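Chemist: Take this structure first; my questions come after.
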Amino acid sequence: MAMLSENMRGALLMVGSMTAFTLNDAFMKSLSDELPLFQSIFFRSIGVFICLSIAGLAMGQIKLNQSRRDWMFISLRSLFELGGALFFLLALFNMPIANVTAILQVLPLTVSLAAAVFLGASLGWRRLSAILVGFAGVLLIVKPGGEGFNIYAVSALLAVLCVTIRDILVRKISPEVPTMLVSWFTVFAVMAGSGLASLTEVWQPVSSLAAFQLGGAILTIIGGYIFSVAVMRHGDIAFVAPFRYSSLLVAVVIGFWIFGEVPDTLTIVGSIIVVGTGLFTLYREGQIRKRAKA
């Protein structure tokens, strides 16, 4: 990528990150044919925890001597991460991958709204209008009152709620706390929580195919984390951020190619609305930053 501009490097890294995360979703969805939900999460978490432990110790960033306040927010964040993972994968195991991915695209809108309500961030009428329109797009995807609306659609919405709270809690953690420590403890919490919950299930033997899918899930989610960190080091965030929506295109292709899923018209229209309002929100935030610097 030596000949590319910083913006193009950032864009490619963002696409790589979103592709890796969506491939992880595909591997986990494929596992639903062989392994129960909590067992799948537990096994994936073990692999990710081992890798993060090695990397964190090598970098000297697993420092447990943090303040009680920071540990409280790190623990709360981890709790909502566990809830988000559970609700998201429950929906993913039982819904088309493109539908679940499309619902998750509303996150920039929900985080903006939560930041205004709980952190006092400014929110003008244009961005508030975009958030409301974006929520209308989500309603087209989940179709309340229709045949496609069920507990799994509600689960996807609960995943959005958990991830939104998780992201807001990050703002409460002191900047001095290493990012690696927060990620490491979060994975530990998900591993411990899913391990305990898996005791309520009948464990299934791990076939060679399931082992391959677990390995793929572990590698792709770690790749997604690595790419997402690298994204922040290249290019203008206002240029790079919109490329996060590439995950929806990847999800549509994977859903059709691997799972034989074809989004219906309302899902497509709703996805376009959610992405459009998300892009507008990112644009407005960029404009506000420029004015603040002027």
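Naming scheme: A, B, ... for chains in displayed order of the structure tokens; residues 1 onward per chain; ligands 1 onward as shown.
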Would you pick out the contacts of stretch 252-265 of chain A at 9 Å or less, using only C-alpha atoms, so that residues sharing its chain but fewer than 4 positions from it are not included, and give the list as a list of chain:residue names?

Modeler: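 That gives A:Thr22, A:Leu23, A:Ala26, A:Ser30, A:Pro96, A:Ile97, A:Ala98, A:Asn99, A:Thr101, A:Ser247, A:Leu248, A:Val269, A:Gly270.
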
Chemist: I want to know what sits within 12 Å of stretch 151-161 of chain A, based on only C-alpha atoms, with residues of the same chain fewer than 6 positions away left out; could you give that as JSON, numbers by chain?

Modeler: {"A": [80, 81, 82, 83, 84, 85, 86, 87, 88, 89, 90, 91, 92, 93, 94, 95, 96, 97, 98, 99, 100, 101, 102, 103, 104, 105, 106, 107, 108, 109, 110, 111, 113, 114, 135, 138, 139, 140, 141, 142, 143, 144, 145, 167, 168]}

Chemist: Would you mind exporting the chosen residues as a JSON list (two decimals), in the first residue's frame, restricted to C-alpha atoms?

Modeler:
[["chain", "number", "residue", "atom", "x", "y", "z"],
["A", 80, "PHE", "CA", -22.88, -5.13, 28.28],
["A", 81, "GLU", "CA", -20.36, -6.60, 25.82],
["A", 82, "LEU", "CA", -21.45, -10.05, 27.01],
["A", 83, "GLY", "CA", -25.10, -9.09, 26.60],
["A", 84, "GLY", "CA", -24.45, -7.65, 23.14],
["A", 85, "ALA", "CA", -22.60, -10.78, 22.02],
["A", 86, "LEU", "CA", -25.37, -13.03, 23.34],
["A", 87, "PHE", "CA", -28.25, -11.09, 21.79],
["A", 88, "PHE", "CA", -26.40, -10.56, 18.51],
["A", 89, "LEU", "CA", -25.46, -14.21, 18.05],
["A", 90, "LEU", "CA", -28.92, -15.38, 19.11],
["A", 91, "ALA", "CA", -30.33, -13.23, 16.32],
["A", 92, "LEU", "CA", -27.59, -14.26, 13.89],
["A", 93, "PHE", "CA", -28.21, -17.97, 14.49],
["A", 94, "ASN", "CA", -31.88, -17.54, 13.57],
["A", 95, "MET", "CA", -32.09, -14.63, 11.09],
["A", 96, "PRO", "CA", -30.58, -13.85, 7.67],
["A", 97, "ILE", "CA", -27.08, -12.45, 8.17],
["A", 98, "ALA", "CA", -27.85, -9.38, 6.00],
["A", 99, "ASN", "CA", -30.87, -8.48, 8.16],
["A", 100, "VAL", "CA", -28.92, -8.67, 11.42],
["A", 101, "THR", "CA", -26.00, -6.73, 9.92],
["A", 102, "ALA", "CA", -28.38, -4.06, 8.61],
["A", 103, "ILE", "CA", -29.92, -3.57, 12.05],
["A", 104, "LEU", "CA", -26.44, -3.15, 13.56],
["A", 105, "GLN", "CA", -25.74, -0.31, 11.10],
["A", 106, "VAL", "CA", -27.96, 1.94, 13.21],
["A", 107, "LEU", "CA", -25.24, 2.03, 15.89],
["A", 108, "PRO", "CA", -23.71, 5.39, 14.82],
["A", 109, "LEU", "CA", -27.17, 6.89, 15.26],
["A", 110, "THR", "CA", -27.90, 5.30, 18.64],
["A", 111, "VAL", "CA", -24.46, 6.20, 19.99],
["A", 113, "LEU", "CA", -28.31, 9.96, 20.58],
["A", 114, "ALA", "CA", -26.99, 8.34, 23.77],
["A", 135, "PHE", "CA", -34.98, 4.33, 13.29],
["A", 138, "VAL", "CA", -34.80, -0.17, 11.20],
["A", 139, "LEU", "CA", -38.56, -0.66, 11.60],
["A", 140, "LEU", "CA", -38.75, -1.57, 7.91],
["A", 141, "ILE", "CA", -36.06, -4.21, 8.48],
["A", 142, "VAL", "CA", -37.54, -5.80, 11.63],
["A", 143, "LYS", "CA", -41.16, -5.39, 10.39],
["A", 144, "PRO", "CA", -43.05, -5.14, 13.71],
["A", 145, "GLY", "CA", -46.41, -6.85, 13.35],
["A", 167, "ASP", "CA", -19.64, 2.40, 23.77],
["A", 168, "ILE", "CA", -20.91, 5.14, 26.07]]

Chemist: I'd like the neighbourhood of A:Gln66 as a ChimeraX atom specification, where a residue qualifies if any of its atoms comes within 12 Å (using only C-alpha atoms), though same-chain residues fewer than 2 positions away should be ignored.

Modeler: /A:61-64,68-74,173-178,181-182

Chemist: Deliver the residues from the most recent selection as a file, using N, CA and C atoms, as an mmCIF file, in the first residue's frame.

Modeler:
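again.cif was written with the following content:
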data_model
loop_
_atom_site.group_PDB
_atom_site.id
_atom_site.type_symbol
_atom_site.label_atom_id
_atom_site.label_comp_id
_atom_site.auth_asym_id
_atom_site.auth_seq_id
_atom_site.Cartn_x
_atom_site.Cartn_y
_atom_site.Cartn_z
ATOM 1 N N GLN A 61 0.866 -4.316 28.474
ATOM 2 C CA GLN A 61 -0.312 -3.471 28.656
ATOM 3 C C GLN A 61 -1.387 -4.094 29.540
ATOM 4 N N ILE A 62 -1.150 -5.287 30.040
ATOM 5 C CA ILE A 62 -2.113 -5.872 30.976
ATOM 6 C C ILE A 62 -1.703 -5.455 32.382
ATOM 7 N N LYS A 63 -2.111 -4.254 32.744
ATOM 8 C CA LYS A 63 -1.752 -3.663 34.035
ATOM 9 C C LYS A 63 -2.994 -3.629 34.916
ATOM 10 N N LEU A 64 -2.982 -4.427 35.965
ATOM 11 C CA LEU A 64 -4.168 -4.581 36.803
ATOM 12 C C LEU A 64 -4.284 -3.526 37.889
ATOM 13 N N ARG A 68 -10.296 1.966 41.363
ATOM 14 C CA ARG A 68 -11.571 1.264 41.587
ATOM 15 C C ARG A 68 -12.643 1.800 40.633
ATOM 16 N N ARG A 69 -12.625 3.106 40.395
ATOM 17 C CA ARG A 69 -13.598 3.708 39.477
ATOM 18 C C ARG A 69 -13.446 3.124 38.074
ATOM 19 N N ASP A 70 -12.214 3.033 37.583
ATOM 20 C CA ASP A 70 -12.001 2.502 36.245
ATOM 21 C C ASP A 70 -12.409 1.032 36.160
ATOM 22 N N TRP A 71 -12.092 0.269 37.196
ATOM 23 C CA TRP A 71 -12.485 -1.139 37.178
ATOM 24 C C TRP A 71 -14.004 -1.288 37.172
ATOM 25 N N MET A 72 -14.700 -0.369 37.829
ATOM 26 C CA MET A 72 -16.163 -0.421 37.825
ATOM 27 C C MET A 72 -16.694 -0.242 36.400
ATOM 28 N N PHE A 73 -16.161 0.771 35.695
ATOM 29 C CA PHE A 73 -16.640 1.026 34.334
ATOM 30 C C PHE A 73 -16.155 -0.059 33.363
ATOM 31 N N ILE A 74 -14.950 -0.581 33.567
ATOM 32 C CA ILE A 74 -14.469 -1.682 32.727
ATOM 33 C C ILE A 74 -15.364 -2.904 32.907
ATOM 34 N N ILE A 173 -14.096 5.645 31.050
ATOM 35 C CA ILE A 173 -12.833 5.044 31.482
ATOM 36 C C ILE A 173 -11.702 6.037 31.253
ATOM 37 N N SER A 174 -10.810 6.155 32.212
ATOM 38 C CA SER A 174 -9.701 7.108 32.114
ATOM 39 C C SER A 174 -8.848 6.836 30.882
ATOM 40 N N PRO A 175 -8.377 7.891 30.211
ATOM 41 C CA PRO A 175 -7.542 7.714 29.015
ATOM 42 C C PRO A 175 -6.250 6.943 29.299
ATOM 43 N N GLU A 176 -5.792 6.965 30.555
ATOM 44 C CA GLU A 176 -4.546 6.288 30.897
ATOM 45 C C GLU A 176 -4.667 4.773 30.906
ATOM 46 N N VAL A 177 -5.897 4.258 30.965
ATOM 47 C CA VAL A 177 -6.098 2.807 30.985
ATOM 48 C C VAL A 177 -5.799 2.245 29.592
ATOM 49 N N PRO A 178 -4.883 1.280 29.478
ATOM 50 C CA PRO A 178 -4.528 0.733 28.161
ATOM 51 C C PRO A 178 -5.733 0.099 27.462
ATOM 52 N N LEU A 181 -5.871 -3.639 27.788
ATOM 53 C CA LEU A 181 -6.397 -4.157 29.053
ATOM 54 C C LEU A 181 -7.916 -4.237 29.015
ATOM 55 N N VAL A 182 -8.554 -3.189 28.480
ATOM 56 C CA VAL A 182 -10.017 -3.177 28.393
ATOM 57 C C VAL A 182 -10.494 -4.324 27.504
#

Chemist: Taking only C-alpha atoms into account, which of A:Val187, A:Met180, A:Ala136, A:Ile131 comes nearest A:Ile218?

Modeler: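 Counting only C-alpha atoms, the residue closest to A:Ile218 is A:Val187.
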